[in-house]
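Okay, target-v5.txt is below, compact mmCIF, C-alpha atoms:
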# COMPACT_ATOMS: atom_id res chain seq x y z
CA MET A 1317 -152.20 66.73 -123.00
CA THR A 1318 -153.63 63.29 -122.58
CA THR A 1319 -153.08 61.57 -119.23
CA SER A 1320 -152.51 58.18 -120.86
CA ALA A 1321 -149.02 56.70 -121.04
CA SER A 1322 -148.37 58.30 -124.42
CA ALA A 1323 -150.22 60.07 -127.20
CA ARG A 1324 -149.34 60.39 -130.87
CA SER A 1325 -149.21 63.77 -132.58
CA GLY A 1326 -148.36 63.13 -136.22
CA LEU A 1327 -145.14 61.13 -136.13
CA LEU A 1328 -144.24 62.41 -132.66
CA VAL A 1329 -144.91 60.51 -129.46
CA HIS A 1330 -145.86 62.58 -126.40
CA THR A 1331 -145.31 61.04 -122.96
CA PRO A 1332 -146.27 62.94 -119.79
CA LEU A 1333 -143.76 63.40 -117.00
CA ARG A 1334 -144.60 63.70 -113.31
CA PRO A 1335 -145.47 65.96 -111.61
CA PHE A 1336 -145.31 68.08 -114.78
CA GLY A 1337 -143.58 68.16 -118.13
CA ARG A 1338 -143.62 65.97 -121.21
CA VAL A 1339 -141.21 64.07 -123.43
CA VAL A 1340 -141.69 64.43 -127.20
CA GLU A 1341 -139.97 61.68 -129.17
CA GLY A 1342 -139.18 62.03 -132.84
CA THR A 1343 -138.25 59.52 -135.49
CA ALA A 1344 -134.84 59.19 -137.14
CA GLY A 1345 -133.88 62.47 -138.81
CA SER A 1346 -136.37 64.60 -136.85
CA ARG A 1347 -135.44 68.27 -136.49
CA ILE A 1348 -136.82 70.71 -133.95
CA GLN A 1349 -137.25 73.16 -136.84
CA ASP A 1350 -139.94 70.85 -138.27
CA ILE A 1351 -142.23 71.56 -135.29
CA PRO A 1352 -144.11 74.87 -135.66
CA VAL A 1353 -142.87 77.31 -133.02
CA ALA A 1354 -146.48 78.06 -132.02
CA SER A 1355 -147.10 74.36 -131.32
CA LEU A 1356 -143.95 73.84 -129.27
CA ALA A 1357 -144.59 77.07 -127.35
CA ALA A 1358 -148.13 75.91 -126.54
CA TRP A 1359 -146.84 72.54 -125.33
CA THR A 1360 -144.25 74.27 -123.14
CA LEU A 1361 -146.80 76.69 -121.71
CA GLU A 1362 -149.07 73.77 -120.81
CA SER A 1363 -146.40 71.36 -119.56
CA ARG A 1364 -143.80 73.84 -118.20
CA VAL A 1365 -140.97 71.62 -119.52
CA VAL A 1366 -140.72 69.84 -122.88
CA VAL A 1367 -137.93 67.33 -123.47
CA LEU A 1368 -137.27 66.52 -127.12
CA ARG A 1369 -135.59 63.17 -127.80
CA GLY A 1370 -134.60 61.66 -131.13
CA PHE A 1371 -134.06 65.10 -132.67
CA SER A 1372 -130.85 66.26 -134.32
CA LEU A 1373 -128.68 68.54 -132.21
CA MET A 1374 -127.81 71.92 -133.69
CA ALA A 1375 -124.45 73.55 -134.33
CA THR A 1376 -123.82 76.47 -131.98
CA GLN A 1377 -124.83 79.26 -134.37
CA GLU A 1378 -127.73 77.21 -135.70
CA PHE A 1379 -128.96 76.80 -132.11
CA ALA A 1380 -128.93 80.56 -131.52
CA ASP A 1381 -130.59 81.25 -134.89
CA TYR A 1382 -133.35 78.74 -134.15
CA CYS A 1383 -134.05 80.35 -130.77
CA ARG A 1384 -134.33 83.71 -132.54
CA GLU A 1385 -137.53 82.39 -134.12
CA TRP A 1386 -139.05 82.54 -130.61
CA GLY A 1387 -138.04 86.14 -129.91
CA GLU A 1388 -135.06 88.25 -128.94
CA VAL A 1389 -132.10 86.14 -127.85
CA LEU A 1390 -130.42 87.40 -124.71
CA ARG A 1391 -126.73 88.07 -125.29
CA TRP A 1392 -124.35 87.55 -122.38
CA PRO A 1393 -120.70 88.70 -122.45
CA PRO A 1394 -119.58 85.18 -123.52
CA GLY A 1395 -122.17 85.22 -126.34
CA GLU A 1396 -125.69 84.07 -127.08
CA VAL A 1397 -124.95 80.39 -126.39
CA ILE A 1398 -123.56 79.59 -122.94
CA ASP A 1399 -121.55 76.37 -122.58
CA LEU A 1400 -122.26 74.78 -119.21
CA VAL A 1401 -119.45 72.44 -118.20
CA VAL A 1402 -117.77 71.72 -114.87
CA GLN A 1403 -114.56 73.76 -114.62
CA ASP A 1404 -111.46 72.97 -112.57
CA ASP A 1405 -111.24 76.46 -111.07
CA PRO A 1406 -114.64 78.14 -111.57
CA GLN A 1407 -115.34 81.74 -110.64
CA ASN A 1408 -119.03 80.97 -110.25
CA TYR A 1409 -120.90 78.10 -108.57
CA LEU A 1410 -122.75 77.42 -111.85
CA PHE A 1411 -119.55 75.92 -113.23
CA ALA A 1412 -118.59 74.00 -110.08
CA SER A 1413 -119.51 70.37 -109.34
CA GLY A 1414 -121.72 71.10 -106.33
CA ASP A 1415 -125.43 71.77 -106.22
CA VAL A 1416 -127.06 74.89 -107.64
CA PRO A 1417 -129.90 76.26 -105.47
CA PHE A 1418 -133.19 77.37 -107.01
CA HIS A 1419 -133.22 80.58 -109.05
CA TRP A 1420 -134.75 81.92 -112.23
CA ASP A 1421 -132.64 82.76 -115.27
CA GLY A 1422 -132.06 86.44 -115.95
CA ALA A 1423 -132.53 87.68 -112.38
CA PHE A 1424 -129.69 90.18 -112.81
CA VAL A 1425 -130.54 91.49 -116.26
CA GLU A 1426 -133.10 94.13 -117.23
CA ALA A 1427 -135.15 91.85 -119.51
CA ASN A 1428 -136.23 88.60 -117.86
CA PRO A 1429 -136.12 85.71 -120.34
CA ARG A 1430 -139.48 84.25 -121.32
CA TRP A 1431 -138.11 80.87 -122.44
CA PHE A 1432 -134.88 79.02 -121.98
CA PHE A 1433 -133.45 76.27 -124.11
CA PHE A 1434 -130.85 73.59 -123.45
CA GLN A 1435 -129.24 71.03 -125.67
CA CYS A 1436 -127.11 68.25 -124.22
CA LEU A 1437 -123.99 67.49 -126.23
CA ASP A 1438 -122.62 64.98 -123.73
CA ALA A 1439 -123.68 63.41 -120.44
CA THR A 1440 -122.21 60.93 -117.97
CA PRO A 1441 -124.87 58.39 -116.89
CA GLY A 1442 -125.30 58.03 -113.14
CA ALA A 1443 -123.04 60.97 -112.27
CA GLY A 1444 -125.76 63.15 -110.73
CA GLY A 1445 -126.16 66.77 -111.78
CA GLU A 1446 -129.86 66.50 -112.54
CA THR A 1447 -131.51 69.82 -113.38
CA VAL A 1448 -134.39 70.35 -110.96
CA PHE A 1449 -137.43 72.44 -111.89
CA SER A 1450 -140.01 73.72 -109.40
CA ASP A 1451 -143.45 74.85 -110.56
CA THR A 1452 -144.06 78.05 -108.60
CA SER A 1453 -147.54 78.52 -110.05
CA ALA A 1454 -148.52 75.26 -108.31
CA VAL A 1455 -146.78 76.36 -105.09
CA TYR A 1456 -148.84 79.56 -105.11
CA ARG A 1457 -152.04 77.72 -106.06
CA ASP A 1458 -151.78 75.35 -103.09
CA ALA A 1459 -150.97 78.00 -100.47
CA ASP A 1460 -153.77 79.14 -98.15
CA PRO A 1461 -155.32 82.59 -98.74
CA GLU A 1462 -153.54 84.16 -95.76
CA THR A 1463 -150.15 83.01 -97.04
CA ARG A 1464 -150.91 84.20 -100.57
CA ASP A 1465 -151.92 87.62 -99.25
CA ARG A 1466 -148.70 87.92 -97.24
CA TRP A 1467 -146.59 86.87 -100.22
CA SER A 1468 -148.30 89.42 -102.47
CA GLN A 1469 -147.16 92.28 -100.22
CA LEU A 1470 -143.47 91.34 -100.21
CA SER A 1471 -140.47 92.30 -102.31
CA ILE A 1472 -137.07 90.62 -102.12
CA THR A 1473 -133.64 92.07 -102.90
CA TYR A 1474 -130.92 89.83 -104.33
CA THR A 1475 -127.28 90.88 -104.30
CA THR A 1476 -124.21 89.16 -105.73
CA GLU A 1477 -120.80 90.23 -106.98
CA LYS A 1478 -120.64 90.53 -110.76
CA LEU A 1479 -118.41 87.73 -112.02
CA THR A 1480 -118.43 85.80 -115.32
CA HIS A 1481 -121.70 86.69 -117.06
CA TYR A 1482 -124.05 88.00 -114.38
CA GLY A 1483 -124.31 89.78 -111.04
CA GLY A 1484 -125.31 93.00 -109.30
CA GLN A 1485 -128.40 93.82 -107.27
CA VAL A 1486 -132.08 93.50 -108.12
CA THR A 1487 -135.35 93.86 -106.19
CA GLU A 1488 -138.36 91.83 -107.33
CA ARG A 1489 -141.90 91.39 -106.09
CA LEU A 1490 -142.24 87.88 -104.67
CA VAL A 1491 -145.53 87.36 -106.49
CA SER A 1492 -145.59 88.18 -110.18
CA GLN A 1493 -147.97 87.44 -113.03
CA HIS A 1494 -147.27 85.08 -115.87
CA PRO A 1495 -147.15 87.18 -119.08
CA THR A 1496 -149.15 84.67 -121.14
CA ASN A 1497 -151.68 82.88 -118.95
CA GLY A 1498 -151.94 85.51 -116.19
CA LEU A 1499 -151.40 82.99 -113.38
CA PRO A 1500 -149.60 84.14 -110.24
CA VAL A 1501 -146.01 82.90 -110.06
CA LEU A 1502 -143.19 83.31 -107.54
CA ARG A 1503 -139.95 85.14 -108.28
CA PHE A 1504 -137.70 83.49 -105.72
CA ALA A 1505 -134.02 82.58 -105.57
CA GLU A 1506 -132.51 80.85 -102.57
CA PRO A 1507 -129.80 82.52 -100.47
CA LEU A 1508 -126.29 81.18 -101.12
CA ASP A 1509 -124.04 80.76 -98.10
CA PRO A 1510 -120.63 82.36 -98.80
CA ALA A 1511 -118.98 79.55 -96.83
CA VAL A 1512 -120.32 77.02 -99.36
CA TYR A 1513 -120.77 78.74 -102.74
CA LYS A 1514 -118.47 80.78 -104.91
CA ASN A 1515 -120.10 84.06 -105.92
CA PRO A 1516 -122.76 83.81 -103.15
CA VAL A 1517 -126.14 85.53 -103.32
CA ALA A 1518 -127.49 87.58 -100.39
CA VAL A 1519 -131.28 87.60 -100.06
CA ASP A 1520 -133.11 90.31 -98.09
CA VAL A 1521 -136.86 90.65 -97.63
CA VAL A 1522 -137.68 94.34 -97.99
CA GLY A 1523 -138.98 95.84 -94.74
CA MET A 1524 -138.44 92.63 -92.74
CA GLU A 1525 -135.92 92.29 -89.91
CA ARG A 1526 -133.35 89.52 -90.28
CA ALA A 1527 -134.76 87.64 -87.27
CA GLU A 1528 -138.06 87.34 -89.12
CA ALA A 1529 -136.65 87.08 -92.65
CA ASP A 1530 -134.43 84.04 -92.05
CA PRO A 1531 -137.23 81.66 -90.94
CA PHE A 1532 -139.51 83.08 -93.65
CA LEU A 1533 -136.95 82.32 -96.38
CA THR A 1534 -136.28 78.87 -94.91
CA GLU A 1535 -139.99 78.04 -94.97
CA LEU A 1536 -140.40 79.34 -98.52
CA ALA A 1537 -137.41 77.28 -99.68
CA GLU A 1538 -138.92 74.19 -98.07
CA ARG A 1539 -142.17 74.73 -99.98
CA VAL A 1540 -140.60 75.06 -103.42
CA HIS A 1541 -138.50 71.92 -102.78
CA ARG A 1542 -141.50 69.71 -102.02
CA ARG A 1543 -141.55 66.71 -104.32
CA GLU A 1544 -145.08 67.38 -105.57
CA TYR A 1545 -143.78 70.60 -107.19
CA CYS A 1546 -140.44 69.38 -108.56
CA TYR A 1547 -139.29 67.54 -111.68
CA ASP A 1548 -135.69 66.27 -111.74
CA HIS A 1549 -134.32 65.93 -115.26
CA GLU A 1550 -131.54 63.39 -115.74
CA TRP A 1551 -129.73 64.42 -118.89
CA CYS A 1552 -129.07 62.10 -121.81
CA ALA A 1553 -126.76 63.05 -124.67
CA GLY A 1554 -128.97 64.39 -127.46
CA ASP A 1555 -131.67 65.88 -125.22
CA ILE A 1556 -133.12 69.23 -126.25
CA LEU A 1557 -135.16 70.90 -123.52
CA VAL A 1558 -137.46 73.93 -123.61
CA ALA A 1559 -138.70 75.44 -120.33
CA ASP A 1560 -141.01 78.23 -119.20
CA ASN A 1561 -138.79 80.62 -117.24
CA PHE A 1562 -141.77 82.44 -115.69
CA SER A 1563 -143.65 79.49 -114.19
CA LEU A 1564 -140.50 77.75 -113.02
CA ILE A 1565 -137.46 78.22 -110.89
CA HIS A 1566 -134.67 75.72 -111.36
CA GLY A 1567 -131.43 74.46 -109.88
CA ARG A 1568 -129.12 71.46 -110.08
CA ASN A 1569 -128.28 68.50 -107.90
CA ALA A 1570 -124.59 68.07 -107.11
CA PHE A 1571 -122.55 65.75 -109.29
CA SER A 1572 -121.77 62.49 -107.55
CA GLY A 1573 -118.53 61.83 -109.44
CA PRO A 1574 -116.45 62.92 -112.43
CA THR A 1575 -118.51 64.07 -115.39
CA ASP A 1576 -118.01 65.13 -118.99
CA ARG A 1577 -121.47 66.68 -119.17
CA HIS A 1578 -121.76 69.51 -121.67
CA LEU A 1579 -124.94 71.54 -121.95
CA GLN A 1580 -125.54 74.56 -124.15
CA ARG A 1581 -128.10 77.16 -123.06
CA VAL A 1582 -129.89 79.98 -124.86
CA GLU A 1583 -132.41 82.37 -123.31
CA VAL A 1584 -135.17 84.18 -125.20
CA VAL A 1585 -136.77 87.39 -123.95

Would you give me this structure, written as structure tokens?
Amino acid sequence: MTTSASARSGLLVHTPLRPFGRVVEGTAGSRIQDIPVASLAAWTLESRVVVLRGFSLMATQEFADYCREWGEVLRWPPGEVIDLVVQDDPQNYLFASGDVPFHWDGAFVEANPRWFFFQCLDATPGAGGETVFSDTSAVYRDADPETRDRWSQLSITYTTEKLTHYGGQVTERLVSQHPTNGLPVLRFAEPLDPAVYKNPVAVDVVGMERAEADPFLTELAERVHRREYCYDHEWCAGDILVADNFSLIHGRNAFSGPTDRHLQRVEVV
């Protein structure tokens, strides 16, 4: 992607985001279906996050059917399309108004999603709730060789009660390999304090005593939160967003006030 302010690709305008990502703007009547899947997948692989603006939103079933063009759509108990809205009495922190710590989608399912898609049906300007993405391939790239070697030897176990549409226990290598470009990536989700979050997540480093694990996890969390690795997306009604679930982990800033924000999410294996 060009590093200039914007670049034209047909009738689409591409504008780079910082520190990664791009916005693709369409003209009136543009449809995501008009972009070849191979092209949009290549843009997402390169940029990690692609935000489509000026494109028509899709009806719920149409959204799921479009995502099927990318691969197998992951079906959760509520269905293929998950509605993300703040609930008055949520069972899970994902539907509360507070922050959502970093994680990757599909941690507690057998098939980790390759891509995830959002479309924003409604958003409240200035109400917070930005989705934050961290580029773990860049975090790994910038670490010194000794740190990389230590990371490559570690596995982490995540445990949470199964409520709503996910939960259980899973153990993952901290360092994994991106299935398309082969780059090392980090599979890391932050611990969730049960005093703060509903449906908390316990994080244990395999073979490491708690006295050593706690400062290790704190330091790792500090790294992935560094601004040079993070893009905060402030949602606008009409946004469609495609993200690379292997390169990235993501979370959400807390809402700063009442919000009517309504996102829909689909994950593709």

query = Which one of A:Gln1485, A:Ser1453, A:Thr1376, A:Asn1569 sits closest to Val1416 (chain A) if you count only C-alpha atoms?
reply =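 Answer, going by the shortest atom-to-atom distance: A:Asn1569.
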
query = Which distance in Å separates CA of Glu1544 (chain A) and CA of Leu1333 (chain A), to one decimal?
reply = 12.2 Å

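Atom to atom, CA of Val1517 (chain A) and CA of Glu1462 (chain A) stand 28.5 Å apart.
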
query = Is there a way to get, as a list in words, all residues within 7 Å of the point (-125.7, 72.6, -123.5) in file coordinates, counting only C-alpha atoms?
reply =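 Applying the cut-off with only C-alpha atoms, one gets Asp1399, Leu1400, Phe1434, Gln1435, Cys1436, Leu1437, His1578, Leu1579, Gln1580 and Arg1581 of chain A.
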
request  = For Val1365 (chain A), list every protein, DNA or RNA residue within 10 Å, evaluated using all atoms listed in the file, and leave out those in the same chain fewer than 6 positions away; present the list as a PyMOL selection string.
outcome  = chain A and resi 1333+1336-1339+1359+1432-1433+1449+1451+1547+1549+1557-1561+1563-1564

inquiry  = To one decimal place in Å, what is the distance between CA of Arg1334 (chain A) and CA of Glu1362 (chain A)?
reply    =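 Value for the CA of Arg1334 (chain A)-CA of Glu1362 (chain A) distance: 13.3 Å.
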
task = Pick out the closest residue to Asn1515 (chain A) from this set: A:Glu1538, A:Glu1477, A:Glu1528, A:Asp1350. Count only C-alpha atoms.
result =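 Counting only C-alpha atoms, the residue closest to Asn1515 (chain A) is A:Glu1477.
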